[in-house]
Amino acid sequence: MGWNSWNAFSCGVTEDDVRDAADLLVDTGLRDIGYEYLVVDDCWMEAELDEDGRLEPNSEDFPSGIEALADYVHEKGLKFGIYSSAGDVTCQGYAASLGHERAHAEQFADWGVDYLKYDNCGDHRGRDAISRYAAMGQALVAVDRDIVYSVCEWGQNQPWQWGRNVGAHLWRTTGDIVVRWSTDSDEFGLGIVDIIDQMNDRDIAHQNGPGGWNDPDMLQVGNGPESGQAQHEEADVDRELTEAEERTHFSFWCLFSAPLMAGNDLAEMDDATREILTNEAAIAINQDPLGIQGTRDGAVENKEVWSKRLAGDECALILFNRGEHTAEIATTVETVDVPVDAERYRVSDVWSDDEWTTSGSITATVGPHDVAMFRVSPE
Ligand code: GLA
């Protein structure tokens with residue numbers, strides 16, 4: 001769990017934004033609820049490597065340097081993350097790390113970096129993904145510091161199959177998330193429901209678990225048309241998510257046991273966004289020690305049932321209304337991922353705190369693009 005600068009600030013990020021984000025992670029209570037890693041995405045570096053092939057912080061936007069920034073973030077009780085790319089330049093055209101892995105990993109360790117997001121942009125110099133990502137993975141384990149390794153290869157070469165082998169702790173499964181419910185195939189980025197579908201269709205749940213996580217990209221909860229990342233899209237698209245859609249977004253990322261990297265401007269966070277990002281019942285499902293990626297149990301027209309097994313023979317359940325009209329969605333314990341031998345089950349509503357018991361059937365009225373999410377526990 002953490003926060004990443006890209007979705008809110010895009011290429012405009014400065015060291016002041018990062019320090020403000022560190023302060024706000026503390027002041028808003030997000031740090032204490034688990035959002036621990038503060039990651040600076042693309043554009044923190046100069047356009048060229050220095051004459052020794054080393055990365056240099058952008059002198060205009062990061063004048064104090066990365067080590068000072070990492071110190072500031074650490075003093076707030078947070079971990080500090082940074083970004084580079086397994087090509088000759090980053091996605092925004094800045095200097096990157098292909099061919100300089102050892103030197104750059106040493107710089108990261110010296111600066112106090114705890115997390116590296118490693119992107120897939122730039123010229124690959126004819127090298128395949130596994131060799132490029134393994135080079136940085138080996139460089140990171142060779143340095144004298146624990147650094148979480150986040151492979152950002154967009155799922156193009158099935159990184160769920162080799163991520164662990166190159167030392168990755170998480171790997172992007174899919175293209176870039178945008179502030180949309182869905183996008184057409186000729187548009188940039190993926191909407192929330194597109195990513196939910198790809199996570200299911202790729203049949204990769206069995207690759208997910210402690211130490212190696214499928215990463216469906218960072219959260220767009222709290223973002224809108226003005227958010228930095230949205231500026232990379234065509235100007236004439238509708239880039240709002242409804243509150244229901246944001247709830248669905250967060251619920252599925254929790255059901256998937258996905259990394260939860262908030263991506264909103266914390267200074268502008270309203271109560272609705274804060275309530276979603278800090279829902280402790282949902283986060284407990286996300287952080288369940290089994291780390292299982294929930295899957296779809298059934299779908300009838302726009303009504304879908306998804307679940308994941310939790311530790312202690314409990315399960316997390318989502319009733320998802322994909323349609324445009326309010327619908328009643330029903331399931332039973334026989335359908336979802338929970339043992340069927342109990343006489344009664346306790347059902348706790350993640351979003352309303354309601355709680356009741358049932359001998360097996362579970363039903364909810366769900367608004368358009370919304371979910372009902374429950375923890376189901378055999379009594
Ligand atoms: C790629 C990544 C994004 C972000 C941008 C930065 O598109 O997938 O998550 O890091 O690059 O340029």
# chains A, B, ... in the order shown; residues from 1 in each chain; ligands from 1
call {"tool": "select_by_dssp", "arguments": {"residues": "segment 77-118 of chain A", "states": "strand (DSSP E)", "output": "list in words"}}
result
Lys79, Phe80, Gly81, Ile82, Tyr83, Ser84, Ser85, Tyr115, Leu116, Lys117 and Tyr118 of chain A
call {"tool": "residues_around", "arguments": {"residues": "segment 312-318 of chain A", "least_positions_apart": "3", "cutoff": "7 Å", "atoms": "only C-alpha atoms", "output": "list in words"}}
result
Leu255, Ile285, Val305, Trp306, Ser307, Lys308, Arg309, Asp337, Val338, Pro339, Val371, Ala372, Met373, Phe374, Arg375, Val376, Ser377 and Pro378 of chain A
call {"tool": "residues_around", "arguments": {"residues": "Ser84 of chain A", "least_positions_apart": "2", "cutoff": "7 Å", "atoms": "only C-alpha atoms", "output": "PyMOL selection string"}}
result
chain A and resi 90+96-97+117-119
call {"tool": "closest_residue", "arguments": {"among": "A:Asp144, A:Glu101, A:Asp176, A:Glu60", "to": "ligand 1", "atoms": "only C-alpha atoms and all ligand atoms"}}
result
A:Asp176
call {"tool": "residues_near_ligand", "arguments": {"ligand": "ligand 1", "cutoff": "6 Å", "atoms": "only C-alpha atoms and all ligand atoms", "output": "JSON, numbers by chain"}}
result
{"A": [41, 42, 91, 92, 176]}
call {"tool": "write_last_selection", "arguments": {"atoms": "C-alpha atoms", "output": "CSV table (one decimal), in the first residue's frame"}}
result
chain,number,residue,atom,x,y,z
A,41,ASP,CA,7.0,8.3,-10.8
A,42,ASP,CA,8.4,9.5,-14.1
A,91,CYS,CA,7.9,7.0,-21.1
A,92,GLN,CA,8.2,10.8,-21.0
A,176,ASP,CA,-2.4,2.2,-18.0
call {"tool": "atom_distance", "arguments": {"atom1": "atom CA of Ala22 of chain A", "atom2": "atom CA of Asn7 of chain A"}}
result
16.0 Å
call {"tool": "residues_around", "arguments": {"residues": "Val13 of chain A", "least_positions_apart": "6", "cutoff": "8 Å", "atoms": "only C-alpha atoms", "output": "list in words"}}
result
Ser5, Trp6, Cys43, Trp44 and Asp61 of chain A
call {"tool": "write_last_selection", "arguments": {"atoms": "N, CA, C and O atoms", "output": "CSV table (one decimal), in the first residue's frame"}}
result
chain,number,residue,atom,x,y,z
A,5,SER,N,2.9,9.3,-7.5
A,5,SER,CA,2.7,10.7,-8.0
A,5,SER,C,2.0,10.8,-9.3
A,5,SER,O,1.5,11.8,-9.7
A,6,TRP,N,2.0,9.7,-10.1
A,6,TRP,CA,1.7,9.8,-11.5
A,6,TRP,C,0.3,10.2,-11.8
A,6,TRP,O,0.0,11.2,-12.6
A,43,CYS,N,9.8,11.5,-14.5
A,43,CYS,CA,10.1,12.9,-14.7
A,43,CYS,C,10.9,13.5,-13.5
A,43,CYS,O,11.1,14.7,-13.5
A,44,TRP,N,11.4,12.7,-12.6
A,44,TRP,CA,12.2,13.3,-11.5
A,44,TRP,C,13.6,13.5,-11.9
A,44,TRP,O,14.4,14.1,-11.2
A,61,ASP,N,13.1,20.8,-10.9
A,61,ASP,CA,12.0,20.3,-10.1
A,61,ASP,C,12.4,19.6,-8.8
A,61,ASP,O,11.6,19.4,-7.9
call {"tool": "atom_distance", "arguments": {"atom1": "atom CA of Asp23 of chain A", "atom2": "atom CA of Asn264 of chain A"}}
result
14.3 Å
call {"tool": "residues_around", "arguments": {"residues": "Leu116 of chain A", "least_positions_apart": "3", "cutoff": "10 Å", "atoms": "only C-alpha atoms", "output": "number ranges by chain"}}
result
A: 39-41, 80-85, 105, 108, 113, 119, 136, 140, 147-152, 168
call {"tool": "closest_residue", "arguments": {"among": "A:Asn165, A:Thr173, A:Asn321, A:Ser10", "to": "Gly137 of chain A", "atoms": "only C-alpha atoms"}}
result
A:Asn165
call {"tool": "residues_around", "arguments": {"residues": "Asp110 of chain A", "least_positions_apart": "3", "cutoff": "10 Å", "atoms": "only C-alpha atoms", "output": "mmCIF file with C-alpha atoms, in the first residue's frame"}}
result
data_model
loop_
_atom_site.group_PDB
_atom_site.id
_atom_site.type_symbol
_atom_site.label_atom_id
_atom_site.label_comp_id
_atom_site.auth_asym_id
_atom_site.auth_seq_id
_atom_site.Cartn_x
_atom_site.Cartn_y
_atom_site.Cartn_z
ATOM 1 C CA ILE A 66 16.774 12.550 -4.092
ATOM 2 C CA GLU A 67 18.660 11.647 -0.931
ATOM 3 C CA HIS A 104 21.683 2.920 -10.940
ATOM 4 C CA ALA A 105 20.748 0.299 -8.342
ATOM 5 C CA GLU A 106 23.739 1.495 -6.308
ATOM 6 C CA GLN A 107 22.561 5.093 -6.627
ATOM 7 C CA VAL A 113 15.300 4.127 -1.957
ATOM 8 C CA VAL A 143 23.040 -3.788 -3.333
ATOM 9 C CA ASP A 144 23.060 -3.555 0.416
ATOM 10 C CA ARG A 145 19.460 -2.456 0.833
#
call {"tool": "atom_distance", "arguments": {"atom1": "atom CA of Glu46 of chain A", "atom2": "atom CA of Ser59 of chain A"}}
result
7.4 Å
call {"tool": "residues_around", "arguments": {"residues": "Asp265 of chain A", "least_positions_apart": "2", "cutoff": "8 Å", "atoms": "only C-alpha atoms", "output": "PyMOL selection string"}}
result
chain A and resi 8-9+21+222-223+227+263+267-269
call {"tool": "select_by_dssp", "arguments": {"residues": "segment 141-362 of chain A", "states": "helix (DSSP H, G or I)", "output": "ChimeraX atom specification"}}
result
/A:141-142,159-162,164-166,192-201,205-207,228-232,243-255,266-268,271-277,280-286,311-313
call {"tool": "write_last_selection", "arguments": {"atoms": "C-alpha atoms", "output": "PDB file, in the first residue's frame"}}
result
ATOM      1  CA  VAL A 141      19.608  -7.848  -4.917  1.00  0.00           C
ATOM      2  CA  ALA A 142      23.323  -7.091  -5.239  1.00  0.00           C
ATOM      3  CA  PRO A 159       5.172 -11.150 -16.472  1.00  0.00           C
ATOM      4  CA  TRP A 160       3.061 -13.215 -14.036  1.00  0.00           C
ATOM      5  CA  GLN A 161       4.963 -16.240 -15.402  1.00  0.00           C
ATOM      6  CA  TRP A 162       8.497 -14.902 -14.843  1.00  0.00           C
ATOM      7  CA  ARG A 164       9.215 -13.945  -9.368  1.00  0.00           C
ATOM      8  CA  ASN A 165      12.148 -15.402 -11.316  1.00  0.00           C
ATOM      9  CA  VAL A 166      13.582 -11.950 -12.047  1.00  0.00           C
ATOM     10  CA  ILE A 192     -12.021   0.379 -14.400  1.00  0.00           C
ATOM     11  CA  VAL A 193     -14.294  -2.289 -15.821  1.00  0.00           C
ATOM     12  CA  ASP A 194     -11.847  -3.061 -18.646  1.00  0.00           C
ATOM     13  CA  ILE A 195      -9.169  -3.889 -16.082  1.00  0.00           C
ATOM     14  CA  ILE A 196     -11.571  -5.958 -13.964  1.00  0.00           C
ATOM     15  CA  ASP A 197     -12.381  -8.002 -17.069  1.00  0.00           C
ATOM     16  CA  GLN A 198      -8.759  -8.419 -18.137  1.00  0.00           C
ATOM     17  CA  MET A 199      -7.740  -9.560 -14.662  1.00  0.00           C
ATOM     18  CA  ASN A 200     -10.347 -12.294 -14.974  1.00  0.00           C
ATOM     19  CA  ASP A 201      -9.939 -13.186 -18.654  1.00  0.00           C
ATOM     20  CA  ALA A 205      -5.235 -15.604 -10.241  1.00  0.00           C
ATOM     21  CA  HIS A 206      -3.108 -18.644  -9.423  1.00  0.00           C
ATOM     22  CA  GLN A 207       0.064 -16.591 -10.044  1.00  0.00           C
ATOM     23  CA  GLY A 228      -2.327  15.088 -14.178  1.00  0.00           C
ATOM     24  CA  GLN A 229      -2.498  11.709 -15.822  1.00  0.00           C
ATOM     25  CA  ALA A 230      -5.833  12.526 -17.440  1.00  0.00           C
ATOM     26  CA  GLN A 231      -4.053  15.245 -19.420  1.00  0.00           C
ATOM     27  CA  HIS A 232      -2.453  12.534 -21.552  1.00  0.00           C
ATOM     28  CA  GLU A 243     -18.962   7.512  -6.434  1.00  0.00           C
ATOM     29  CA  ALA A 244     -20.426   4.067  -7.196  1.00  0.00           C
ATOM     30  CA  GLU A 245     -17.745   3.455  -9.814  1.00  0.00           C
ATOM     31  CA  GLU A 246     -15.002   4.511  -7.386  1.00  0.00           C
ATOM     32  CA  ARG A 247     -16.432   2.131  -4.782  1.00  0.00           C
ATOM     33  CA  THR A 248     -16.473  -0.660  -7.368  1.00  0.00           C
ATOM     34  CA  HIS A 249     -12.880   0.171  -8.364  1.00  0.00           C
ATOM     35  CA  PHE A 250     -11.641  -0.011  -4.775  1.00  0.00           C
ATOM     36  CA  SER A 251     -13.712  -3.096  -3.922  1.00  0.00           C
ATOM     37  CA  PHE A 252     -12.294  -5.102  -6.817  1.00  0.00           C
ATOM     38  CA  TRP A 253      -8.702  -4.051  -6.095  1.00  0.00           C
ATOM     39  CA  CYS A 254      -9.319  -5.347  -2.557  1.00  0.00           C
ATOM     40  CA  LEU A 255     -10.912  -8.576  -3.820  1.00  0.00           C
ATOM     41  CA  LEU A 266      -4.129  14.363  -1.204  1.00  0.00           C
ATOM     42  CA  ALA A 267      -4.479  18.119  -0.673  1.00  0.00           C
ATOM     43  CA  GLU A 268      -7.790  18.047  -2.545  1.00  0.00           C
ATOM     44  CA  ASP A 271     -14.760  13.059   2.411  1.00  0.00           C
ATOM     45  CA  ALA A 272     -16.171  10.633  -0.158  1.00  0.00           C
ATOM     46  CA  THR A 273     -12.695   9.777  -1.456  1.00  0.00           C
ATOM     47  CA  ARG A 274     -11.276   9.511   2.032  1.00  0.00           C
ATOM     48  CA  GLU A 275     -14.062   7.163   3.094  1.00  0.00           C
ATOM     49  CA  ILE A 276     -13.344   4.851   0.182  1.00  0.00           C
ATOM     50  CA  LEU A 277      -9.559   4.838   0.575  1.00  0.00           C
ATOM     51  CA  GLU A 280     -10.912  -0.714   7.008  1.00  0.00           C
ATOM     52  CA  ALA A 281     -13.168  -3.666   6.245  1.00  0.00           C
ATOM     53  CA  ALA A 282     -12.222  -3.498   2.562  1.00  0.00           C
ATOM     54  CA  ILE A 283      -8.526  -3.032   3.371  1.00  0.00           C
ATOM     55  CA  ALA A 284      -8.616  -6.048   5.712  1.00  0.00           C
ATOM     56  CA  ILE A 285      -9.888  -8.103   2.771  1.00  0.00           C
ATOM     57  CA  ASN A 286      -7.123  -6.688   0.572  1.00  0.00           C
ATOM     58  CA  ALA A 311      -7.912 -16.975   6.057  1.00  0.00           C
ATOM     59  CA  GLY A 312     -10.014 -18.763   8.678  1.00  0.00           C
ATOM     60  CA  ASP A 313     -12.417 -20.256   6.103  1.00  0.00           C
TER      61      ASP A 313
END
